[in-house]
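Novice: Got a structure for you, target_8.cif, holding mmCIF, C-alpha atoms.
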data_work
#
loop_
_atom_site.group_PDB
_atom_site.id
_atom_site.type_symbol
_atom_site.label_atom_id
_atom_site.label_comp_id
_atom_site.auth_asym_id
_atom_site.auth_seq_id
_atom_site.Cartn_x
_atom_site.Cartn_y
_atom_site.Cartn_z
ATOM 1 C CA MET L 14 -39.793 -7.588 -26.725
ATOM 2 C CA LYS L 15 -41.636 -9.981 -29.003
ATOM 3 C CA GLU L 16 -45.310 -10.211 -29.967
ATOM 4 C CA GLU L 17 -45.484 -14.000 -30.106
ATOM 5 C CA VAL L 18 -43.337 -16.911 -28.861
ATOM 6 C CA ARG L 19 -43.467 -20.691 -28.925
ATOM 7 C CA GLU L 20 -42.132 -23.105 -26.337
ATOM 8 C CA ALA L 21 -41.953 -26.895 -26.107
ATOM 9 C CA ALA L 22 -43.227 -28.366 -22.841
ATOM 10 C CA TYR L 23 -41.300 -31.609 -22.302
ATOM 11 C CA ALA L 24 -42.823 -34.574 -20.471
ATOM 12 C CA LYS L 25 -41.258 -35.861 -17.252
ATOM 13 C CA LEU L 26 -40.439 -39.441 -16.294
ATOM 14 C CA ASN L 27 -39.367 -40.779 -12.900
ATOM 15 C CA LEU L 28 -36.362 -43.077 -13.206
ATOM 16 C CA THR L 29 -36.684 -43.633 -9.464
ATOM 17 C CA LEU L 30 -39.339 -42.546 -6.990
ATOM 18 C CA ASP L 31 -39.005 -42.979 -3.238
ATOM 19 C CA VAL L 32 -41.313 -41.704 -0.495
ATOM 20 C CA ALA L 33 -40.250 -41.246 3.103
ATOM 21 C CA GLU L 34 -42.256 -40.038 6.072
ATOM 22 C CA LYS L 35 -45.199 -37.683 5.962
ATOM 23 C CA ARG L 36 -44.183 -34.166 6.983
ATOM 24 C CA SER L 37 -45.864 -31.851 9.458
ATOM 25 C CA ASP L 38 -47.177 -29.725 6.572
ATOM 26 C CA GLY L 39 -49.096 -32.715 5.188
ATOM 27 C CA TYR L 40 -46.732 -33.362 2.284
ATOM 28 C CA HIS L 41 -44.485 -36.387 1.934
ATOM 29 C CA GLU L 42 -40.712 -36.271 1.800
ATOM 30 C CA MET L 43 -39.680 -37.428 -1.670
ATOM 31 C CA LEU L 44 -36.453 -38.590 -3.283
ATOM 32 C CA MET L 45 -36.611 -38.935 -7.065
ATOM 33 C CA VAL L 46 -34.421 -39.070 -10.138
ATOM 34 C CA MET L 47 -36.353 -37.281 -12.867
ATOM 35 C CA GLN L 48 -35.816 -37.043 -16.615
ATOM 36 C CA THR L 49 -37.429 -35.039 -19.392
ATOM 37 C CA VAL L 50 -38.104 -36.699 -22.752
ATOM 38 C CA SER L 51 -38.764 -35.544 -26.292
ATOM 39 C CA LEU L 52 -42.524 -36.126 -26.038
ATOM 40 C CA SER L 53 -43.834 -32.597 -25.615
ATOM 41 C CA ASP L 54 -46.771 -30.202 -25.756
ATOM 42 C CA ALA L 55 -46.511 -27.093 -27.925
ATOM 43 C CA ILE L 56 -47.219 -23.798 -26.160
ATOM 44 C CA GLU L 57 -47.852 -20.575 -28.069
ATOM 45 C CA LEU L 58 -48.038 -17.208 -26.312
ATOM 46 C CA LYS L 59 -49.290 -14.137 -28.127
ATOM 47 C CA LYS L 60 -49.980 -10.553 -27.075
ATOM 48 C CA THR L 61 -53.533 -9.640 -28.003
ATOM 49 C CA GLY L 62 -53.842 -5.989 -27.000
ATOM 50 C CA GLU L 63 -56.968 -6.941 -25.056
ATOM 51 C CA ALA L 64 -57.254 -7.221 -21.292
ATOM 52 C CA GLY L 65 -56.974 -10.603 -19.619
ATOM 53 C CA ILE L 66 -55.348 -13.993 -20.155
ATOM 54 C CA ARG L 67 -57.192 -16.427 -22.370
ATOM 55 C CA ALA L 68 -56.305 -20.020 -23.140
ATOM 56 C CA THR L 69 -57.311 -22.665 -25.649
ATOM 57 C CA CYS L 70 -56.435 -26.352 -25.796
ATOM 58 C CA ASN L 71 -56.874 -29.128 -28.345
ATOM 59 C CA PHE L 72 -58.027 -31.454 -25.522
ATOM 60 C CA ARG L 73 -61.602 -30.333 -24.887
ATOM 61 C CA TYR L 74 -61.720 -31.780 -21.385
ATOM 62 C CA VAL L 75 -58.692 -29.738 -20.220
ATOM 63 C CA PRO L 76 -59.866 -26.602 -18.343
ATOM 64 C CA THR L 77 -58.731 -23.298 -19.809
ATOM 65 C CA ASP L 78 -59.464 -21.104 -16.792
ATOM 66 C CA ARG L 79 -57.516 -20.701 -13.525
ATOM 67 C CA ARG L 80 -57.768 -24.433 -12.876
ATOM 68 C CA ASN L 81 -55.097 -24.812 -15.549
ATOM 69 C CA LEU L 82 -51.536 -24.381 -14.251
ATOM 70 C CA ALA L 83 -50.493 -22.662 -17.484
ATOM 71 C CA VAL L 84 -53.043 -19.882 -16.935
ATOM 72 C CA ARG L 85 -51.987 -19.491 -13.306
ATOM 73 C CA ALA L 86 -48.346 -19.318 -14.397
ATOM 74 C CA ALA L 87 -49.105 -16.445 -16.779
ATOM 75 C CA GLU L 88 -51.091 -14.620 -14.106
ATOM 76 C CA LEU L 89 -48.339 -15.064 -11.521
ATOM 77 C CA PHE L 90 -45.660 -13.889 -13.953
ATOM 78 C CA CYS L 91 -47.615 -10.723 -14.749
ATOM 79 C CA ALA L 92 -48.249 -10.042 -11.063
ATOM 80 C CA LYS L 93 -44.594 -10.497 -10.079
ATOM 81 C CA GLN L 94 -43.318 -8.390 -12.984
ATOM 82 C CA GLY L 95 -45.923 -5.656 -12.596
ATOM 83 C CA ILE L 96 -47.276 -6.242 -16.098
ATOM 84 C CA GLN L 97 -50.726 -4.680 -16.447
ATOM 85 C CA ASN L 98 -53.221 -4.181 -19.252
ATOM 86 C CA GLN L 99 -51.450 -6.731 -21.453
ATOM 87 C CA GLY L 100 -53.734 -9.302 -22.995
ATOM 88 C CA ILE L 101 -52.181 -12.747 -23.488
ATOM 89 C CA ARG L 102 -53.502 -15.683 -25.476
ATOM 90 C CA ILE L 103 -52.154 -19.116 -24.537
ATOM 91 C CA ARG L 104 -52.640 -21.878 -27.076
ATOM 92 C CA MET L 105 -51.844 -25.394 -25.862
ATOM 93 C CA GLU L 106 -51.386 -28.220 -28.338
ATOM 94 C CA LYS L 107 -51.174 -31.220 -26.057
ATOM 95 C CA LYS L 108 -49.523 -34.528 -26.826
ATOM 96 C CA ILE L 109 -48.632 -35.500 -23.255
ATOM 97 C CA PRO L 110 -51.521 -37.582 -21.891
ATOM 98 C CA VAL L 111 -53.449 -36.217 -18.913
ATOM 99 C CA GLY L 112 -53.371 -38.143 -15.632
ATOM 100 C CA ALA L 113 -50.316 -40.142 -16.637
ATOM 101 C CA GLY L 114 -47.732 -39.151 -13.991
ATOM 102 C CA MET L 115 -45.749 -37.284 -16.659
ATOM 103 C CA ALA L 116 -46.184 -33.716 -15.321
ATOM 104 C CA GLY L 117 -48.018 -32.519 -18.436
ATOM 105 C CA GLY L 118 -49.705 -29.644 -16.621
ATOM 106 C CA SER L 119 -46.492 -28.701 -14.823
ATOM 107 C CA ALA L 120 -44.526 -28.831 -18.080
ATOM 108 C CA ASP L 121 -47.058 -26.482 -19.696
ATOM 109 C CA ALA L 122 -46.807 -24.053 -16.775
ATOM 110 C CA ALA L 123 -43.000 -24.087 -16.945
ATOM 111 C CA ALA L 124 -43.112 -23.483 -20.695
ATOM 112 C CA VAL L 125 -45.425 -20.505 -20.112
ATOM 113 C CA LEU L 126 -42.972 -19.017 -17.589
ATOM 114 C CA ARG L 127 -40.074 -19.448 -20.016
ATOM 115 C CA GLY L 128 -42.161 -18.045 -22.842
ATOM 116 C CA MET L 129 -43.390 -15.032 -20.866
ATOM 117 C CA ASN L 130 -39.779 -14.296 -19.940
ATOM 118 C CA ARG L 131 -38.930 -14.109 -23.650
ATOM 119 C CA LEU L 132 -42.167 -12.391 -24.666
ATOM 120 C CA PHE L 133 -41.592 -9.457 -22.321
ATOM 121 C CA GLY L 134 -37.783 -9.461 -22.372
ATOM 122 C CA THR L 135 -37.549 -9.651 -18.584
ATOM 123 C CA ASP L 136 -34.259 -11.632 -18.566
ATOM 124 C CA MET L 137 -35.142 -13.674 -15.491
ATOM 125 C CA SER L 138 -32.513 -16.282 -14.681
ATOM 126 C CA ARG L 139 -33.191 -20.004 -14.401
ATOM 127 C CA LYS L 140 -33.070 -19.759 -10.594
ATOM 128 C CA GLU L 141 -35.546 -16.873 -10.607
ATOM 129 C CA LEU L 142 -37.903 -18.789 -12.873
ATOM 130 C CA GLU L 143 -37.616 -21.888 -10.684
ATOM 131 C CA ALA L 144 -38.426 -19.831 -7.573
ATOM 132 C CA LEU L 145 -41.524 -18.526 -9.338
ATOM 133 C CA ALA L 146 -42.400 -22.048 -10.471
ATOM 134 C CA GLU L 147 -42.375 -23.343 -6.880
ATOM 135 C CA GLU L 148 -45.390 -21.149 -6.150
ATOM 136 C CA ILE L 149 -47.392 -23.008 -8.819
ATOM 137 C CA GLY L 150 -46.670 -26.688 -8.206
ATOM 138 C CA SER L 151 -44.060 -29.209 -7.080
ATOM 139 C CA ASP L 152 -42.943 -30.420 -10.530
ATOM 140 C CA VAL L 153 -43.018 -27.028 -12.241
ATOM 141 C CA ALA L 154 -39.565 -26.008 -10.979
ATOM 142 C CA PHE L 155 -37.979 -29.142 -12.453
ATOM 143 C CA CYS L 156 -39.736 -28.572 -15.780
ATOM 144 C CA ILE L 157 -38.201 -25.094 -16.154
ATOM 145 C CA ALA L 158 -34.889 -26.545 -17.369
ATOM 146 C CA GLY L 159 -35.570 -30.297 -17.325
ATOM 147 C CA GLY L 160 -32.810 -32.710 -18.233
ATOM 148 C CA THR L 161 -31.706 -35.138 -15.527
ATOM 149 C CA SER L 162 -32.113 -34.141 -11.878
ATOM 150 C CA LEU L 163 -32.220 -35.485 -8.357
ATOM 151 C CA ALA L 164 -35.296 -34.040 -6.656
ATOM 152 C CA LYS L 165 -35.884 -33.880 -2.904
ATOM 153 C CA GLY L 166 -38.466 -32.418 -0.550
ATOM 154 C CA ARG L 167 -41.773 -32.151 -2.419
ATOM 155 C CA GLY L 168 -39.781 -32.240 -5.655
ATOM 156 C CA GLU L 169 -38.740 -28.597 -5.550
ATOM 157 C CA ILE L 170 -35.172 -29.128 -4.208
ATOM 158 C CA LEU L 171 -33.209 -29.912 -7.358
ATOM 159 C CA GLU L 172 -29.674 -31.093 -8.020
ATOM 160 C CA ASP L 173 -28.415 -31.181 -11.606
ATOM 161 C CA LEU L 174 -27.057 -34.553 -12.754
ATOM 162 C CA ASP L 175 -25.075 -35.632 -15.785
ATOM 163 C CA PRO L 176 -27.326 -36.438 -18.763
ATOM 164 C CA MET L 177 -29.004 -39.826 -18.797
ATOM 165 C CA PRO L 178 -27.383 -42.138 -21.376
ATOM 166 C CA ASP L 179 -29.141 -41.788 -24.721
ATOM 167 C CA CYS L 180 -31.688 -44.507 -25.410
ATOM 168 C CA HIS L 181 -35.089 -45.273 -26.893
ATOM 169 C CA ILE L 182 -37.995 -45.015 -24.464
ATOM 170 C CA VAL L 183 -41.397 -46.592 -25.035
ATOM 171 C CA ILE L 184 -44.129 -44.842 -23.048
ATOM 172 C CA CYS L 185 -47.498 -46.561 -22.705
ATOM 173 C CA LYS L 186 -50.541 -45.234 -20.852
ATOM 174 C CA PRO L 187 -53.481 -47.551 -20.151
ATOM 175 C CA GLY L 188 -57.009 -46.237 -20.540
ATOM 176 C CA PHE L 189 -57.342 -45.197 -16.887
ATOM 177 C CA SER L 190 -55.737 -42.490 -14.773
ATOM 178 C CA ILE L 191 -54.822 -42.734 -11.095
ATOM 179 C CA SER L 192 -55.611 -40.096 -8.483
ATOM 180 C CA THR L 193 -52.421 -38.850 -6.820
ATOM 181 C CA PRO L 194 -54.040 -38.096 -3.411
ATOM 182 C CA GLU L 195 -55.709 -41.520 -3.484
ATOM 183 C CA LEU L 196 -52.425 -43.308 -4.127
ATOM 184 C CA PHE L 197 -50.630 -41.390 -1.373
ATOM 185 C CA ARG L 198 -53.397 -42.389 1.086
ATOM 186 C CA LYS L 199 -52.950 -46.024 0.123
ATOM 187 C CA LEU L 200 -49.180 -45.759 0.359
ATOM 188 C CA ASP L 201 -49.471 -44.487 3.952
ATOM 189 C CA GLN L 202 -51.067 -47.837 4.835
ATOM 190 C CA VAL L 203 -48.258 -49.928 3.358
ATOM 191 C CA ASN L 204 -44.998 -51.053 4.951
ATOM 192 C CA LEU L 205 -42.685 -50.692 1.992
ATOM 193 C CA ARG L 206 -40.585 -53.780 1.401
ATOM 194 C CA ARG L 207 -38.227 -52.150 -1.055
ATOM 195 C CA HIS L 208 -36.818 -48.737 -1.889
ATOM 196 C CA PRO L 209 -34.997 -47.572 -5.010
ATOM 197 C CA ASP L 210 -31.231 -47.754 -5.062
ATOM 198 C CA THR L 211 -30.962 -44.014 -5.598
ATOM 199 C CA ALA L 212 -27.232 -43.898 -4.875
ATOM 200 C CA GLY L 213 -26.665 -46.686 -7.395
ATOM 201 C CA MET L 214 -28.751 -44.827 -9.972
ATOM 202 C CA LEU L 215 -26.644 -41.699 -9.496
ATOM 203 C CA GLU L 216 -23.461 -43.732 -10.011
ATOM 204 C CA ALA L 217 -24.882 -45.391 -13.138
ATOM 205 C CA ILE L 218 -25.842 -42.024 -14.628
ATOM 206 C CA ALA L 219 -22.431 -40.548 -13.812
ATOM 207 C CA SER L 220 -20.715 -43.493 -15.533
ATOM 208 C CA GLY L 221 -23.040 -43.326 -18.558
ATOM 209 C CA ASP L 222 -24.077 -46.979 -18.174
ATOM 210 C CA LEU L 223 -27.607 -47.396 -19.545
ATOM 211 C CA ARG L 224 -27.918 -51.036 -18.496
ATOM 212 C CA GLU L 225 -27.050 -50.187 -14.883
ATOM 213 C CA CYS L 226 -29.505 -47.262 -14.963
ATOM 214 C CA ALA L 227 -32.284 -49.507 -16.244
ATOM 215 C CA MET L 228 -31.612 -52.130 -13.568
ATOM 216 C CA ARG L 229 -32.155 -49.497 -10.866
ATOM 217 C CA MET L 230 -35.400 -47.981 -12.127
ATOM 218 C CA TYR L 231 -38.004 -48.400 -9.377
ATOM 219 C CA ASN L 232 -41.150 -46.683 -8.109
ATOM 220 C CA VAL L 233 -42.478 -47.409 -4.608
ATOM 221 C CA PHE L 234 -46.047 -46.648 -5.722
ATOM 222 C CA GLU L 235 -46.077 -49.967 -7.572
ATOM 223 C CA GLU L 236 -46.298 -51.631 -4.140
ATOM 224 C CA VAL L 237 -49.658 -50.001 -3.396
ATOM 225 C CA PRO L 238 -52.453 -52.606 -3.216
ATOM 226 C CA ASP L 239 -54.555 -51.469 -6.167
ATOM 227 C CA ARG L 240 -56.090 -53.654 -8.868
ATOM 228 C CA ARG L 241 -54.871 -51.235 -11.541
ATOM 229 C CA MET L 242 -51.287 -52.195 -10.718
ATOM 230 C CA ARG L 243 -51.992 -55.524 -12.430
ATOM 231 C CA THR L 244 -52.268 -53.647 -15.723
ATOM 232 C CA VAL L 245 -49.046 -51.783 -14.943
ATOM 233 C CA ALA L 246 -47.338 -55.129 -14.322
ATOM 234 C CA GLU L 247 -48.714 -56.538 -17.596
ATOM 235 C CA ILE L 248 -47.347 -53.609 -19.605
ATOM 236 C CA LYS L 249 -43.956 -53.963 -17.911
ATOM 237 C CA SER L 250 -43.941 -57.676 -18.686
ATOM 238 C CA THR L 251 -44.636 -57.046 -22.374
ATOM 239 C CA MET L 252 -41.819 -54.504 -22.483
ATOM 240 C CA ARG L 253 -39.387 -56.990 -20.985
ATOM 241 C CA ASP L 254 -40.547 -59.658 -23.452
ATOM 242 C CA PHE L 255 -39.502 -57.271 -26.232
ATOM 243 C CA GLY L 256 -36.066 -56.738 -24.740
ATOM 244 C CA ALA L 257 -36.461 -53.696 -22.498
ATOM 245 C CA LEU L 258 -33.451 -53.242 -20.223
ATOM 246 C CA GLY L 259 -35.859 -52.047 -17.547
ATOM 247 C CA ALA L 260 -39.447 -50.852 -17.163
ATOM 248 C CA VAL L 261 -41.258 -48.861 -14.463
ATOM 249 C CA MET L 262 -44.333 -46.760 -13.782
ATOM 250 C CA THR L 263 -43.754 -43.011 -13.713
ATOM 251 C CA GLY L 264 -45.028 -40.753 -10.922
ATOM 252 C CA THR L 265 -48.300 -41.969 -9.483
ATOM 253 C CA GLY L 266 -49.157 -43.424 -12.867
ATOM 254 C CA SER L 267 -50.712 -44.601 -14.882
ATOM 255 C CA ALA L 268 -48.086 -44.366 -17.652
ATOM 256 C CA VAL L 269 -45.373 -47.019 -17.814
ATOM 257 C CA PHE L 270 -42.088 -46.737 -19.691
ATOM 258 C CA GLY L 271 -39.268 -49.016 -20.720
ATOM 259 C CA VAL L 272 -35.803 -48.292 -22.095
ATOM 260 C CA TRP L 273 -33.931 -49.889 -25.003
ATOM 261 C CA GLN L 274 -30.601 -49.443 -26.705
ATOM 262 C CA ASP L 275 -32.023 -50.915 -29.910
ATOM 263 C CA ARG L 276 -34.468 -48.664 -31.771
ATOM 264 C CA ASP L 277 -36.094 -51.438 -33.809
ATOM 265 C CA ALA L 278 -36.850 -53.492 -30.707
ATOM 266 C CA ALA L 279 -38.398 -50.453 -29.024
ATOM 267 C CA GLU L 280 -40.570 -49.712 -32.054
ATOM 268 C CA ASN L 281 -41.658 -53.353 -32.272
ATOM 269 C CA CYS L 282 -42.728 -53.215 -28.635
ATOM 270 C CA ALA L 283 -44.624 -49.970 -29.175
ATOM 271 C CA GLU L 284 -46.430 -51.511 -32.137
ATOM 272 C CA GLU L 285 -47.446 -54.523 -30.051
ATOM 273 C CA LEU L 286 -48.663 -52.438 -27.107
ATOM 274 C CA SER L 287 -50.604 -50.158 -29.463
ATOM 275 C CA ARG L 288 -52.834 -53.102 -30.315
ATOM 276 C CA GLU L 289 -54.284 -52.932 -26.792
ATOM 277 C CA TYR L 290 -53.524 -49.434 -25.483
ATOM 278 C CA ARG L 291 -54.459 -46.239 -27.304
ATOM 279 C CA PHE L 292 -51.471 -44.187 -26.138
ATOM 280 C CA CYS L 293 -48.052 -45.621 -26.901
ATOM 281 C CA VAL L 294 -45.073 -43.659 -28.257
ATOM 282 C CA VAL L 295 -41.316 -43.990 -28.666
ATOM 283 C CA SER L 296 -39.338 -41.092 -27.220
ATOM 284 C CA ARG L 297 -35.772 -40.076 -26.263
ATOM 285 C CA PRO L 298 -34.184 -38.369 -23.229
ATOM 286 C CA THR L 299 -33.656 -34.618 -23.538
ATOM 287 C CA GLU L 300 -30.816 -32.635 -22.060
ATOM 288 C CA ARG L 301 -31.168 -29.663 -19.722
ATOM 289 C CA LEU L 302 -32.306 -26.413 -21.328
ATOM 290 C CA ASN L 303 -29.776 -23.605 -21.271
ATOM 291 C CA ILE L 304 -31.492 -20.750 -19.455
ATOM 292 C CA GLY L 305 -29.461 -17.679 -18.471
#
Rewrite the coordinates I just gave you, this time as structure tokens.
Specialist:
Amino acid sequence: MKEEVREAAYAKLNLTLDVAEKRSDGYHEMLMVMQTVSLSDAIELKKTGEAGIRATCNFRYVPTDRRNLAVRAAELFCAKQGIQNQGIRIRMEKKIPVGAGMAGGSADAAAVLRGMNRLFGTDMSRKELEALAEEIGSDVAFCIAGGTSLAKGRGEILEDLDPMPDCHIVICKPGFSISTPELFRKLDQVNLRRHPDTAGMLEAIASGDLRECAMRMYNVFEEVPDRRMRTVAEIKSTMRDFGALGAVMTGTGSAVFGVWQDRDAAENCAEELSREYRFCVVSRPTERLNIG
């Protein structure tokens, strides 16, 4: 067993996002192709020898009590493994923006589960960690190993895919966030005119064709009648003007991303968008983590 471990918590993007009918349990049936990227938070776990789980974060507005998924992940891990009287300090150095549709909180929780597994030498398998993650939140299971996946149900039914073709990804978040429950309520009032070509996306990924992947990126939430979608459309338009092969909003927003084969063009776009939007970075796809 170790006394201290560090884990990277990789951000999630939705290459496609489709929503079907509302289920009897109140959730919506989802179909999504999800991808982790190199933009990440840094998670540090350390045994303190004092009772309780304590957390700190460089973002002052992020809660560090049980409202934070990372804290709940540590508590759940200890409960399931019968770990008592072990003080844990969680330090979160966040770079993933909050309220962006990039699963920052879920990624942190998944990183805590992976880190606790190493910290206490419990040798839980990927499947065991994913089962534990499902008890915390819908995206947490995907964030355990990340990479490229087809997600169904609430996002917890995962199918591993071949890696997304390597590329340069510009991620831009406008100054506002969008409430997920609010956007789902609005979506329930819309007759969707278009759905992602999920089958086509799977074929494009399998063939390693970035251009075909980019052409099939689509998120049904962009059809929701909301004035903030005008800003999303403006960011996408700028990305296309700078040569993006495709651009789309991730999750329920508000972050938007575009993909390029050419690094210089991607960086030029990021520089232009940074003139108006505070958060804008260039990232890359990451492959699936190898967990026992």
Novice: The centre and edge lengths of an axis-aligned box containing all atoms of range 178-195 of chain L present in the file, extended by 3 Å on each side, are to be given in Å to one decimal, as AutoDock Vina command-line options.
Specialist:
--center_x -42.4 --center_y -42.8 --center_z -15.2 --size_x 36.0 --size_y 15.5 --size_z 29.5
Novice: Just give me the gap between CA of Ala124 in chain L and CA of Ser192 in chain L in Å, one decimal is fine.
Specialist: 24.1 Å
Novice: Could you write out as a ChimeraX atom specification the residues that the PyMOL selection byres ((chain L and resi 265) around 6) matches in the shown file?
Specialist: /L:114,193,264,266
Novice: Figure out the distance between CA of Gly188 in chain L and CA of Arg79 in chain L, please, to one decimal in Å.
Specialist: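 CA of Gly188 in chain L lies at a distance of 26.5 Å from CA of Arg79 in chain L.
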Novice: What lies within 12 Å of Leu163 in chain L using only C-alpha atoms, ignoring chain neighbours under 4 positions off, as number ranges by chain?
Specialist: L: 27-31, 43-48, 155, 159, 167-177, 211-212, 214-215, 218
Novice: Check what the PyMOL selection byres ((chain L and resi 270) around 7) selects in the file above and give those residues as a ChimeraX atom specification.
Specialist: /L:182-185,260-262,268-269,271-272
Novice: Which is closest to Ala154 in chain L among L:Ala278, L:Val32, L:Ala86, L:Ala92, if we use all atoms listed in the file?
Specialist: L:Ala86
Novice: Between L:Ile66, L:Leu82, L:Ile101, L:Phe133, which is the closest to Glu147 in chain L once you count only C-alpha atoms?
Specialist: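 Going through L:Ile66, L:Leu82, L:Ile101, L:Phe133 one by one, the smallest distance to Glu147 in chain L is for L:Leu82.
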Novice: Looking at all atoms listed in the file, which of L:Ala164, L:Ala217, L:Leu286, L:Val125 is the one that sits closest to Ser250 in chain L?
Specialist: L:Leu286
Novice: Would you kindly translate the PyMOL selection byres ((chain L and resi 140) around 12) into the concrete residues it picks from this file, as an MDAnalysis selection string?
Specialist: chainID L and resid 127 136:139 141:147 154:155 157:158 169:171 303:305
Novice: Write out the residues from the selection above, keeping C-alpha atoms, as an mmCIF file, in the frame of the given file.
Specialist:
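Final file, out-v5.cif:
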data_model
loop_
_atom_site.group_PDB
_atom_site.id
_atom_site.type_symbol
_atom_site.label_atom_id
_atom_site.label_comp_id
_atom_site.auth_asym_id
_atom_site.auth_seq_id
_atom_site.Cartn_x
_atom_site.Cartn_y
_atom_site.Cartn_z
ATOM 1 C CA ARG L 127 -40.074 -19.448 -20.016
ATOM 2 C CA ASP L 136 -34.259 -11.632 -18.566
ATOM 3 C CA MET L 137 -35.142 -13.674 -15.491
ATOM 4 C CA SER L 138 -32.513 -16.282 -14.681
ATOM 5 C CA ARG L 139 -33.191 -20.004 -14.401
ATOM 6 C CA GLU L 141 -35.546 -16.873 -10.607
ATOM 7 C CA LEU L 142 -37.903 -18.789 -12.873
ATOM 8 C CA GLU L 143 -37.616 -21.888 -10.684
ATOM 9 C CA ALA L 144 -38.426 -19.831 -7.573
ATOM 10 C CA LEU L 145 -41.524 -18.526 -9.338
ATOM 11 C CA ALA L 146 -42.400 -22.048 -10.471
ATOM 12 C CA GLU L 147 -42.375 -23.343 -6.880
ATOM 13 C CA ALA L 154 -39.565 -26.008 -10.979
ATOM 14 C CA PHE L 155 -37.979 -29.142 -12.453
ATOM 15 C CA ILE L 157 -38.201 -25.094 -16.154
ATOM 16 C CA ALA L 158 -34.889 -26.545 -17.369
ATOM 17 C CA GLU L 169 -38.740 -28.597 -5.550
ATOM 18 C CA ILE L 170 -35.172 -29.128 -4.208
ATOM 19 C CA LEU L 171 -33.209 -29.912 -7.358
ATOM 20 C CA ASN L 303 -29.776 -23.605 -21.271
ATOM 21 C CA ILE L 304 -31.492 -20.750 -19.455
ATOM 22 C CA GLY L 305 -29.461 -17.679 -18.471
#
Novice: Could you model N, CA and C atoms for range 34-50 of chain L and present them as a PDB file, in the frame of the given file?
Specialist:
ATOM      1  N   GLU L  34     -41.175 -40.309   5.118  1.00  0.00           N
ATOM      2  CA  GLU L  34     -42.256 -40.038   6.072  1.00  0.00           C
ATOM      3  C   GLU L  34     -43.114 -38.853   5.635  1.00  0.00           C
ATOM      4  N   LYS L  35     -44.310 -38.811   6.183  1.00  0.00           N
ATOM      5  CA  LYS L  35     -45.199 -37.683   5.962  1.00  0.00           C
ATOM      6  C   LYS L  35     -44.754 -36.520   6.843  1.00  0.00           C
ATOM      7  N   ARG L  36     -44.683 -35.331   6.270  1.00  0.00           N
ATOM      8  CA  ARG L  36     -44.183 -34.166   6.983  1.00  0.00           C
ATOM      9  C   ARG L  36     -45.288 -33.480   7.777  1.00  0.00           C
ATOM     10  N   SER L  37     -44.895 -32.567   8.628  1.00  0.00           N
ATOM     11  CA  SER L  37     -45.864 -31.851   9.458  1.00  0.00           C
ATOM     12  C   SER L  37     -46.787 -30.963   8.630  1.00  0.00           C
ATOM     13  N   ASP L  38     -46.333 -30.574   7.416  1.00  0.00           N
ATOM     14  CA  ASP L  38     -47.177 -29.725   6.572  1.00  0.00           C
ATOM     15  C   ASP L  38     -48.143 -30.536   5.722  1.00  0.00           C
ATOM     16  N   GLY L  39     -48.159 -31.869   5.919  1.00  0.00           N
ATOM     17  CA  GLY L  39     -49.096 -32.715   5.188  1.00  0.00           C
ATOM     18  C   GLY L  39     -48.520 -33.326   3.924  1.00  0.00           C
ATOM     19  N   TYR L  40     -47.387 -32.806   3.463  1.00  0.00           N
ATOM     20  CA  TYR L  40     -46.732 -33.362   2.284  1.00  0.00           C
ATOM     21  C   TYR L  40     -45.823 -34.517   2.686  1.00  0.00           C
ATOM     22  N   HIS L  41     -45.417 -35.295   1.696  1.00  0.00           N
ATOM     23  CA  HIS L  41     -44.485 -36.387   1.934  1.00  0.00           C
ATOM     24  C   HIS L  41     -43.081 -35.982   1.494  1.00  0.00           C
ATOM     25  N   GLU L  42     -42.093 -36.494   2.192  1.00  0.00           N
ATOM     26  CA  GLU L  42     -40.712 -36.271   1.800  1.00  0.00           C
ATOM     27  C   GLU L  42     -40.382 -37.225   0.650  1.00  0.00           C
ATOM     28  N   MET L  43     -39.912 -36.646  -0.464  1.00  0.00           N
ATOM     29  CA  MET L  43     -39.680 -37.428  -1.670  1.00  0.00           C
ATOM     30  C   MET L  43     -38.191 -37.459  -2.009  1.00  0.00           C
ATOM     31  N   LEU L  44     -37.791 -38.500  -2.721  1.00  0.00           N
ATOM     32  CA  LEU L  44     -36.453 -38.590  -3.283  1.00  0.00           C
ATOM     33  C   LEU L  44     -36.616 -39.240  -4.654  1.00  0.00           C
ATOM     34  N   MET L  45     -36.304 -38.482  -5.709  1.00  0.00           N
ATOM     35  CA  MET L  45     -36.611 -38.935  -7.065  1.00  0.00           C
ATOM     36  C   MET L  45     -35.495 -38.557  -8.031  1.00  0.00           C
ATOM     37  N   VAL L  46     -35.249 -39.432  -8.992  1.00  0.00           N
ATOM     38  CA  VAL L  46     -34.421 -39.070 -10.138  1.00  0.00           C
ATOM     39  C   VAL L  46     -35.381 -38.863 -11.305  1.00  0.00           C
ATOM     40  N   MET L  47     -35.369 -37.653 -11.848  1.00  0.00           N
ATOM     41  CA  MET L  47     -36.353 -37.281 -12.867  1.00  0.00           C
ATOM     42  C   MET L  47     -35.655 -36.952 -14.178  1.00  0.00           C
ATOM     43  N   GLN L  48     -36.379 -37.201 -15.275  1.00  0.00           N
ATOM     44  CA  GLN L  48     -35.816 -37.043 -16.615  1.00  0.00           C
ATOM     45  C   GLN L  48     -36.878 -36.504 -17.570  1.00  0.00           C
ATOM     46  N   THR L  49     -36.524 -35.483 -18.337  1.00  0.00           N
ATOM     47  CA  THR L  49     -37.429 -35.039 -19.392  1.00  0.00           C
ATOM     48  C   THR L  49     -37.153 -35.829 -20.670  1.00  0.00           C
ATOM     49  N   VAL L  50     -38.207 -35.952 -21.500  1.00  0.00           N
ATOM     50  CA  VAL L  50     -38.104 -36.699 -22.752  1.00  0.00           C
ATOM     51  C   VAL L  50     -38.674 -35.863 -23.896  1.00  0.00           C
TER      52      VAL L  50
END
